[in-house]
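Visitor: File run_8.csv follows (CSV, C-alpha atoms):
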chain,number,residue,atom,x,y,z
V,1,MET,CA,4.5,10.7,-25.1
V,2,ALA,CA,2.9,8.0,-22.9
V,3,GLY,CA,0.6,9.2,-20.1
V,4,ASN,CA,0.7,8.1,-16.4
V,5,ARG,CA,-2.3,5.8,-17.0
V,6,GLU,CA,-0.5,3.8,-19.6
V,7,TRP,CA,2.6,3.4,-17.4
V,8,MET,CA,0.4,2.4,-14.5
V,9,LYS,CA,-1.3,-0.3,-16.6
V,10,ALA,CA,2.0,-1.5,-17.9
V,11,PHE,CA,3.7,-1.8,-14.5
V,12,ALA,CA,0.6,-3.6,-13.1
V,13,ARG,CA,0.6,-6.1,-15.9
V,14,GLN,CA,4.3,-6.8,-15.5
V,15,ALA,CA,3.9,-7.2,-11.8
V,16,GLN,CA,1.1,-9.8,-12.5
V,17,VAL,CA,3.4,-12.0,-14.7
V,18,ASP,CA,6.3,-11.6,-12.3
V,19,LEU,CA,4.1,-13.0,-9.5
V,20,LEU,CA,2.9,-15.7,-11.9
V,21,ALA,CA,6.5,-16.6,-12.7
V,22,ARG,CA,7.2,-16.9,-9.0
V,23,GLU,CA,4.3,-19.3,-8.5
V,24,ALA,CA,5.4,-21.4,-11.5
V,25,LEU,CA,8.9,-21.6,-10.1
V,26,ILE,CA,7.7,-22.7,-6.7
V,27,ALA,CA,5.4,-25.3,-8.3
V,28,GLN,CA,8.1,-26.7,-10.6
V,29,GLY,CA,11.3,-25.5,-8.9
V,30,GLN,CA,12.0,-28.5,-6.7
V,31,ALA,CA,12.1,-30.8,-9.7
V,32,PHE,CA,15.0,-28.7,-11.1
V,33,GLY,CA,16.7,-28.1,-7.8
V,34,LEU,CA,16.1,-24.4,-7.9
V,35,PRO,CA,17.0,-22.5,-4.7
V,36,PRO,CA,14.8,-19.9,-3.0
V,37,CYS,CA,16.7,-16.9,-4.5
V,38,GLN,CA,15.1,-17.5,-7.8
V,39,GLU,CA,11.5,-17.2,-6.7
V,40,LEU,CA,12.4,-14.4,-4.4
V,41,HIS,CA,13.8,-12.5,-7.3
V,42,PHE,CA,10.4,-12.6,-9.0
V,43,LEU,CA,8.7,-11.6,-5.8
V,44,GLN,CA,11.0,-8.6,-5.4
V,45,MET,CA,10.3,-7.6,-9.0
V,46,ALA,CA,6.5,-8.0,-8.6
V,47,CYS,CA,6.5,-5.8,-5.5
V,48,GLU,CA,8.6,-3.1,-7.1
V,49,LYS,CA,6.4,-3.0,-10.2
V,50,LEU,CA,3.2,-2.9,-8.2
V,51,SER,CA,4.7,0.1,-6.2
V,52,LYS,CA,5.5,1.9,-9.5
V,53,ALA,CA,2.0,1.1,-10.8
V,54,HIS,CA,0.5,2.9,-7.7
V,55,LEU,CA,2.9,5.8,-8.1
V,56,TYR,CA,1.8,6.3,-11.7
V,57,SER,CA,-1.8,6.3,-10.5
V,58,THR,CA,-1.4,9.8,-9.0
V,59,SER,CA,-1.3,13.0,-11.0
V,60,ASN,CA,2.2,13.8,-10.1
V,61,PRO,CA,4.5,10.7,-9.7
V,62,PRO,CA,8.0,11.2,-8.2
V,63,ASP,CA,10.7,12.1,-10.7
V,64,ASP,CA,12.7,8.9,-9.9
V,65,VAL,CA,9.7,6.5,-10.3
V,66,GLN,CA,11.3,4.7,-13.3
V,67,SER,CA,14.8,4.3,-11.9
V,68,SER,CA,14.4,4.1,-8.1
V,69,HIS,CA,14.2,0.9,-6.0
V,70,ARG,CA,13.4,2.9,-2.8
V,71,HIS,CA,9.6,2.9,-3.1
V,72,THR,CA,9.0,-0.8,-2.4
V,73,SER,CA,9.6,-0.6,1.3
V,74,THR,CA,7.3,2.4,1.7
V,75,GLN,CA,4.5,1.8,-0.8
V,76,ILE,CA,3.9,-2.0,-0.3
V,77,PRO,CA,3.0,-1.6,3.4
V,78,ILE,CA,0.3,1.0,2.5
V,79,ILE,CA,-1.0,-1.0,-0.5
V,80,ILE,CA,-1.2,-4.3,1.4
V,81,ARG,CA,-2.7,-2.7,4.5
V,82,GLU,CA,-5.5,-1.2,2.4
V,83,ILE,CA,-6.4,-4.5,0.7
V,84,HIS,CA,-6.3,-6.0,4.2
V,85,VAL,CA,-8.8,-3.4,5.4
V,86,ARG,CA,-11.0,-3.9,2.4
V,87,GLU,CA,-11.0,-7.7,3.0
V,88,GLY,CA,-12.3,-7.1,6.5
V,89,GLY,CA,-9.1,-6.8,8.6
V,90,ARG,CA,-9.9,-5.1,11.8
V,91,ARG,CA,-8.8,-4.4,15.4
V,92,GLY,CA,-7.6,-7.9,16.3
V,93,ASP,CA,-5.1,-7.9,13.5
V,94,THR,CA,-2.9,-5.1,14.8
V,95,TRP,CA,0.3,-7.3,14.6
V,96,PHE,CA,-0.2,-7.5,10.8
V,97,PRO,CA,0.9,-4.0,9.7
V,98,ASP,CA,4.2,-4.4,11.6
V,99,GLU,CA,4.7,-7.8,9.8
V,100,ILE,CA,3.8,-6.2,6.4
V,101,ARG,CA,6.4,-3.5,7.0
V,102,ARG,CA,9.0,-6.1,8.0
V,103,LEU,CA,8.3,-8.2,4.9
V,104,ALA,CA,8.2,-5.2,2.6
V,105,ARG,CA,11.6,-4.1,3.8
V,106,GLU,CA,13.1,-7.6,3.5
V,107,ILE,CA,11.7,-7.8,0.0
V,108,ALA,CA,13.2,-4.4,-0.9
V,109,LEU,CA,16.6,-5.5,0.4
V,110,LEU,CA,16.6,-8.4,-2.1
V,111,HIS,CA,17.5,-5.9,-4.8
V,112,PRO,CA,21.3,-5.6,-5.0
V,113,GLN,CA,21.2,-1.8,-5.0
V,114,VAL,CA,19.2,-1.7,-1.8
V,115,ASP,CA,21.6,-2.5,1.1
V,116,GLY,CA,20.3,-0.7,4.2
V,117,GLY,CA,23.1,1.9,4.1
V,118,GLY,CA,25.7,-0.8,3.7
V,119,THR,CA,24.4,-3.0,6.5
V,120,ARG,CA,22.6,-5.5,4.4
V,121,PRO,CA,24.6,-6.5,1.3
V,122,ASP,CA,22.6,-9.8,1.1
V,123,ASN,CA,20.4,-9.9,-2.0
V,124,CYS,CA,18.9,-12.5,-4.4
V,125,GLU,CA,20.9,-11.7,-7.5
V,126,TYR,CA,24.6,-11.2,-7.0
V,127,PRO,CA,27.3,-12.7,-4.7
V,128,TRP,CA,28.2,-10.4,-1.8
V,129,GLU,CA,30.9,-10.2,0.9
V,130,ASP,CA,30.0,-10.1,4.6
V,131,VAL,CA,31.9,-8.2,7.3
V,132,GLN,CA,34.1,-11.2,8.0
V,133,GLY,CA,35.3,-11.3,4.4
V,134,ASN,CA,33.2,-14.4,3.4
V,135,VAL,CA,31.7,-14.4,0.0
V,136,HIS,CA,28.1,-15.6,-0.2
V,137,THR,CA,26.2,-16.9,-3.2
V,138,PRO,CA,22.5,-16.2,-3.4
V,139,ALA,CA,22.0,-19.7,-4.8
V,140,ASP,CA,23.3,-21.2,-1.6
V,141,GLU,CA,21.4,-19.0,0.9
V,142,ALA,CA,18.1,-20.0,2.5
V,143,PHE,CA,16.7,-16.5,3.1
V,144,PRO,CA,14.8,-17.6,6.3
V,145,GLN,CA,13.6,-14.1,6.9
V,146,LEU,CA,11.4,-14.5,3.8
V,147,ASP,CA,10.0,-18.0,4.3
V,148,LEU,CA,6.6,-16.8,3.5
V,149,ALA,CA,4.8,-20.1,3.2
V,150,ARG,CA,5.6,-21.1,6.7
V,151,SER,CA,4.2,-18.0,8.5
V,152,GLN,CA,0.6,-16.8,8.9
V,153,GLY,CA,1.7,-13.3,8.1
V,154,GLY,CA,3.6,-14.4,5.1
V,155,ARG,CA,0.8,-16.4,3.6
V,156,ARG,CA,-1.7,-13.5,4.2
V,157,PHE,CA,0.8,-11.1,2.7
V,158,LEU,CA,1.1,-13.2,-0.5
V,159,LYS,CA,-2.7,-13.5,-0.8
V,160,LEU,CA,-3.2,-9.7,-0.4
V,161,LEU,CA,-0.3,-9.0,-2.8
V,162,ARG,CA,-2.0,-11.1,-5.5
V,163,MET,CA,-5.3,-9.2,-4.8
V,164,ALA,CA,-3.5,-5.9,-5.0
V,165,ILE,CA,-2.0,-6.7,-8.3
V,166,GLU,CA,-5.3,-7.9,-9.7
V,167,GLU,CA,-6.9,-4.7,-8.5
V,168,ALA,CA,-4.3,-2.6,-10.3
V,169,VAL,CA,-4.5,-4.7,-13.5
V,170,SER,CA,-8.3,-4.5,-13.6
V,171,ARG,CA,-8.6,-0.7,-13.1
V,172,PRO,CA,-10.5,1.0,-15.9
C,1,MET,CA,-39.7,-0.8,-16.8
C,2,THR,CA,-36.5,-2.4,-15.4
C,3,GLY,CA,-33.5,-1.0,-13.5
C,4,GLU,CA,-33.1,1.1,-10.5
C,5,ASP,CA,-34.2,4.7,-10.3
C,6,PRO,CA,-30.9,6.6,-10.6
C,7,ASN,CA,-32.2,9.2,-8.1
C,8,THR,CA,-32.9,6.5,-5.5
C,9,ALA,CA,-29.5,5.0,-6.0
C,10,ARG,CA,-27.8,8.4,-5.7
C,11,LYS,CA,-29.7,9.1,-2.4
C,12,GLU,CA,-28.4,5.8,-0.9
C,13,ARG,CA,-24.8,6.5,-1.8
C,14,PRO,CA,-22.9,7.5,1.4
C,15,SER,CA,-21.3,10.9,1.4
C,16,LYS,CA,-17.6,11.3,0.8
C,17,ASP,CA,-17.3,12.7,4.3
C,18,ALA,CA,-18.9,9.5,5.8
C,19,VAL,CA,-16.8,7.2,3.8
C,20,ALA,CA,-13.6,9.2,4.7
C,21,ALA,CA,-14.5,8.9,8.4
C,22,GLU,CA,-15.1,5.1,8.1
C,23,LEU,CA,-11.8,4.6,6.2
C,24,ALA,CA,-9.9,6.6,8.7
C,25,GLN,CA,-11.4,4.6,11.6
C,26,ALA,CA,-10.5,1.3,9.9
C,27,HIS,CA,-6.9,2.5,9.6
C,28,PHE,CA,-6.9,3.5,13.3
C,29,ASP,CA,-8.3,0.1,14.2
C,30,VAL,CA,-6.0,-2.0,12.2
C,31,ASP,CA,-2.7,-0.1,12.5
C,32,PRO,CA,-1.5,1.0,15.9
C,33,GLY,CA,1.2,3.1,14.3
C,34,VAL,CA,-1.3,5.6,13.0
C,35,LYS,CA,-1.4,8.6,15.3
C,36,GLN,CA,-3.2,11.2,13.4
C,37,ILE,CA,-5.3,11.3,10.2
C,38,ILE,CA,-6.1,14.6,8.4
C,39,ARG,CA,-8.3,15.0,5.4
C,40,LEU,CA,-6.7,16.6,2.4
C,41,LEU,CA,-8.9,18.6,0.1
C,42,ALA,CA,-8.7,19.6,-3.6
C,43,PRO,CA,-10.1,22.9,-4.7
C,44,GLU,CA,-13.9,23.0,-4.0
C,45,GLU,CA,-15.2,22.2,-7.5
C,46,ARG,CA,-12.8,19.4,-8.0
C,47,GLU,CA,-13.5,17.9,-4.5
C,48,ALA,CA,-17.2,17.9,-5.3
C,49,ASP,CA,-16.6,15.6,-8.2
C,50,GLU,CA,-17.3,12.0,-7.2
C,51,ARG,CA,-14.3,10.8,-9.2
C,52,GLU,CA,-12.0,13.0,-7.1
C,53,PRO,CA,-10.4,10.6,-4.5
C,54,ILE,CA,-10.8,10.8,-0.8
C,55,LYS,CA,-7.4,11.9,0.4
C,56,LEU,CA,-6.0,11.0,3.8
C,57,LEU,CA,-2.8,12.3,5.3
C,58,GLU,CA,-1.7,9.8,7.9
C,59,VAL,CA,0.9,10.5,10.5
C,60,ASN,CA,2.4,7.1,11.3
C,61,ARG,CA,5.1,6.5,14.0
C,62,ASP,CA,6.1,3.3,12.3
C,63,THR,CA,6.8,4.7,8.8
C,64,PRO,CA,10.3,6.0,7.9
C,65,PRO,CA,10.7,9.6,6.9
C,66,VAL,CA,11.0,9.3,3.2
C,67,GLY,CA,9.0,12.2,1.9
C,68,ILE,CA,5.6,12.5,0.2
C,69,THR,CA,4.5,9.6,-2.0
C,70,PRO,CA,0.7,9.4,-2.3
C,71,VAL,CA,-0.7,5.9,-2.9
C,72,TYR,CA,-3.9,5.7,-5.0
C,73,PHE,CA,-6.6,3.1,-4.7
C,74,GLY,CA,-9.6,2.5,-7.0
C,75,THR,CA,-13.2,2.0,-5.7
C,76,HIS,CA,-14.2,-1.3,-4.0
C,77,ALA,CA,-18.0,-1.4,-3.6
C,78,ALA,CA,-18.0,-4.6,-1.6
C,79,SER,CA,-16.2,-2.9,1.3
C,80,GLY,CA,-18.1,0.3,1.1
C,81,MET,CA,-15.3,2.2,-0.7
C,82,VAL,CA,-17.5,3.8,-3.3
C,83,TYR,CA,-15.0,6.6,-4.0
C,84,PRO,CA,-11.4,6.2,-5.0
C,85,SER,CA,-8.9,7.1,-2.3
C,86,ILE,CA,-5.3,8.3,-1.8
C,87,ILE,CA,-3.2,7.7,1.2
C,88,VAL,CA,-0.3,9.9,2.1
C,89,GLU,CA,1.7,8.4,4.9
C,90,ILE,CA,4.4,10.4,6.7
C,91,ALA,CA,6.5,10.0,9.8
C,92,PRO,CA,5.7,12.3,12.8
C,93,GLU,CA,8.8,14.4,12.2
C,94,GLU,CA,7.6,15.1,8.7
C,95,TYR,CA,4.3,16.6,9.8
C,96,THR,CA,5.5,20.2,9.3
C,97,GLN,CA,4.5,23.3,7.5
C,98,THR,CA,7.0,22.5,4.8
C,99,THR,CA,5.2,19.1,4.1
C,100,LEU,CA,1.8,20.8,4.0
C,101,GLN,CA,3.1,23.5,1.6
C,102,GLU,CA,4.6,20.8,-0.6
C,103,LEU,CA,1.3,19.0,-0.7
C,104,GLU,CA,-0.4,22.2,-1.8
C,105,ARG,CA,2.3,23.2,-4.3
C,106,ARG,CA,2.8,19.8,-5.9
C,107,TYR,CA,-0.8,18.4,-5.8
C,108,GLY,CA,-3.1,21.3,-5.1
C,109,TRP,CA,-4.3,19.7,-1.8
C,110,ARG,CA,-4.9,21.8,1.3
C,111,VAL,CA,-5.3,20.5,4.8
C,112,GLY,CA,-8.9,19.7,5.8
C,113,PRO,CA,-10.4,18.6,9.1
C,114,PRO,CA,-8.8,16.0,11.3
C,115,LEU,CA,-10.5,12.7,11.4
C,116,ASN,CA,-10.5,11.6,15.0
C,117,ARG,CA,-10.3,8.1,16.4
C,118,ARG,CA,-13.7,7.2,17.7
C,119,ALA,CA,-13.9,5.8,21.2
C,120,ARG,CA,-14.4,2.1,21.4
C,121,ARG,CA,-17.4,2.4,23.7
C,122,ALA,CA,-19.1,4.8,21.4
C,123,ARG,CA,-18.7,2.5,18.5
C,124,ARG,CA,-20.0,-0.5,20.5
C,125,ILE,CA,-23.1,1.5,21.3
C,126,LEU,CA,-23.5,2.5,17.7
C,127,ARG,CA,-23.2,-1.2,16.6
C,128,VAL,CA,-25.8,-2.3,19.2
C,129,ARG,CA,-28.2,0.5,18.0
C,130,ARG,CA,-27.7,-0.6,14.4
C,131,LEU,CA,-28.4,-4.2,15.3
C,132,ALA,CA,-31.5,-3.2,17.3
C,133,ALA,CA,-32.9,-1.0,14.5
Represent the structure from my file as structure tokens, please.
Guide:
Amino acid sequence: MAGNREWMKAFARQAQVDLLAREALIAQGQAFGLPPCQELHFLQMACEKLSKAHLYSTSNPPDDVQSSHRHTSTQIPIIIREIHVREGGRRGDTWFPDEIRRLAREIALLHPQVDGGGTRPDNCEYPWEDVQGNVHTPADEAFPQLDLARSQGGRRFLKLLRMAIEEAVSRP
Amino acid sequence: MTGEDPNTARKERPSKDAVAAELAQAHFDVDPGVKQIIRLLAPEEREADEREPIKLLEVNRDTPPVGITPVYFGTHAASGMVYPSIIVEIAPEEYTQTTLQELERRYGWRVGPPLNRRARRARRILRVRRLAA
């Protein structure tokens, strides 16, 4: 039976290529008319797998580590904050942890099974119905809450996410 | 003869206690939600092993109460993290005897000393002294 270390490495590696796929989609996506939901899908998957890689790094990962989508919103803020500290983030950046938590929650909500207790059916994969009875298609949504390239916090988040994934992949 | 004397290198390595205190301070500095940080300790022999991570239990008012999920980090010499670390973040309402018992039962970690936020002024003096030295 595979050990925790093997699972950790496997999840970290898959997070790495999910993020790479996101970047390729952004670079080439406009030419094909791809909407934001596609790159956000890869971002959500990269974050979820990085969370699972970190959970498998401990001696006793939670029982639901393989199946649950609940860990992204709680693990990613701790992971990104730590990389932020290691990169010299200090007292003047106190706004950033709040922004990391907001972004991590929004990214977690992109998964169709994570809906904030029924309050947030919006996701990047499947059509959903809002409280007024309107059906929304992810392909036609702008997802302005996750326009990462246009905010200072979003750009820094992405940079630190990439570093966190590389750190996990390169662990001995 | 080439290479560093391993004994000298060992002497220059900061202690786990010192690195834990610095890490806790960095978290207090950067994250206003952090209210308390408590060191978690493995059994003595395991804790003395340099490969055993520094473990911090952080009570954070901005984290949701979702139970115990330790997050592991490898070493990062460039930032002074010469030991691996584990962060356990909990909401204030989760800082209970039940949580502490769960940490001991599930991971074998007992509660160690609190790591207190250093006063800003004290740190400024320390920095000035360090620069002057």
Visitor: From the options C:Val34, C:Leu57, C:Ile86, C:Arg39, which residue's atoms come nearest to Ala21 (chain C), counting all atoms listed in the file?
Guide: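 Comparing C:Val34, C:Leu57, C:Ile86, C:Arg39 against Ala21 (chain C), the winner is C:Arg39.
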Visitor: For CA of Lys35 (chain C) and CA of Glu102 (chain C), determine how far apart the two atoms are, in Å to one decimal place.
Guide: 20.9 Å
Visitor: Any chance you could tabulate, as JSON lines, the residues of chain C at most 8 Å from chain V with each one's nearest atom pair and distance in Å to one decimal, using all atoms listed in the file, in chain and rising number order?
Guide:
{"residue": "C:Ala26", "atom": "CA", "partner": "V:Arg90", "partner_atom": "CA", "distance": 6.7}
{"residue": "C:His27", "atom": "CA", "partner": "V:Val85", "partner_atom": "CA", "distance": 7.5}
{"residue": "C:Asp29", "atom": "CA", "partner": "V:Arg91", "partner_atom": "CA", "distance": 4.7}
{"residue": "C:Val30", "atom": "CA", "partner": "V:Arg91", "partner_atom": "CA", "distance": 4.9}
{"residue": "C:Asp31", "atom": "CA", "partner": "V:Thr94", "partner_atom": "CA", "distance": 5.5}
{"residue": "C:Pro32", "atom": "CA", "partner": "V:Thr94", "partner_atom": "CA", "distance": 6.4}
{"residue": "C:Asp62", "atom": "CA", "partner": "V:Asp98", "partner_atom": "CA", "distance": 8.0}
{"residue": "C:Thr63", "atom": "CA", "partner": "V:Thr74", "partner_atom": "CA", "distance": 7.5}
{"residue": "C:Pro64", "atom": "CA", "partner": "V:Thr74", "partner_atom": "CA", "distance": 7.8}
{"residue": "C:Val66", "atom": "CA", "partner": "V:Thr74", "partner_atom": "CA", "distance": 8.0}
{"residue": "C:Thr69", "atom": "CA", "partner": "V:Pro62", "partner_atom": "CA", "distance": 7.3}
{"residue": "C:Pro70", "atom": "CA", "partner": "V:Thr58", "partner_atom": "CA", "distance": 7.0}
{"residue": "C:Val71", "atom": "CA", "partner": "V:His54", "partner_atom": "CA", "distance": 5.8}
{"residue": "C:Tyr72", "atom": "CA", "partner": "V:His54", "partner_atom": "CA", "distance": 5.9}
{"residue": "C:Phe73", "atom": "CA", "partner": "V:His54", "partner_atom": "CA", "distance": 7.7}
{"residue": "C:Gly74", "atom": "CA", "partner": "V:Arg171", "partner_atom": "CA", "distance": 7.0}
{"residue": "C:His76", "atom": "CA", "partner": "V:Arg86", "partner_atom": "CA", "distance": 7.6}
{"residue": "C:Ser79", "atom": "CA", "partner": "V:Arg86", "partner_atom": "CA", "distance": 5.4}
{"residue": "C:Ile87", "atom": "CA", "partner": "V:Ile78", "partner_atom": "CA", "distance": 7.7}
{"residue": "C:Glu89", "atom": "CA", "partner": "V:Ile78", "partner_atom": "CA", "distance": 7.9}
{"residue": "C:Arg106", "atom": "CA", "partner": "V:Asn60", "partner_atom": "CA", "distance": 7.3}
{"residue": "C:Tyr107", "atom": "CA", "partner": "V:Asn60", "partner_atom": "CA", "distance": 7.0}
Visitor: Sorted by chain and rising residue number, which residues of region 86-165 of chain V lie within 9 Å of region 17-32 of chain V, and what are their closest atom pairs and distances in Å to one decimal, counting all atoms listed in the file, as a tab-separated table?
Guide:
residue	atom	partner	partner_atom	distance
V:Leu161	CA	V:Leu19	CA	9.0
V:Arg162	CA	V:Leu19	CA	7.5
V:Ile165	CA	V:Leu19	CA	8.9
Visitor: Kindly export the residues of the current selection with C-alpha atoms, as a short mmCIF file (atom, residue, chain, number, x, y, z; two decimals), in the coordinates of the input.
Guide:
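Once everything was written out, this is result.cif:
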data_model
loop_
_atom_site.label_atom_id
_atom_site.label_comp_id
_atom_site.auth_asym_id
_atom_site.auth_seq_id
_atom_site.Cartn_x
_atom_site.Cartn_y
_atom_site.Cartn_z
CA LEU V 161 -0.30 -9.00 -2.80
CA ARG V 162 -2.00 -11.10 -5.50
CA ILE V 165 -2.00 -6.70 -8.30
#
Visitor: Between CA of Gly33 (chain C) and CA of Val59 (chain C), measure the distance and give it in Å to one decimal.
Guide: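 So the two atoms, CA of Gly33 (chain C) and CA of Val59 (chain C), lie 8.3 Å apart.
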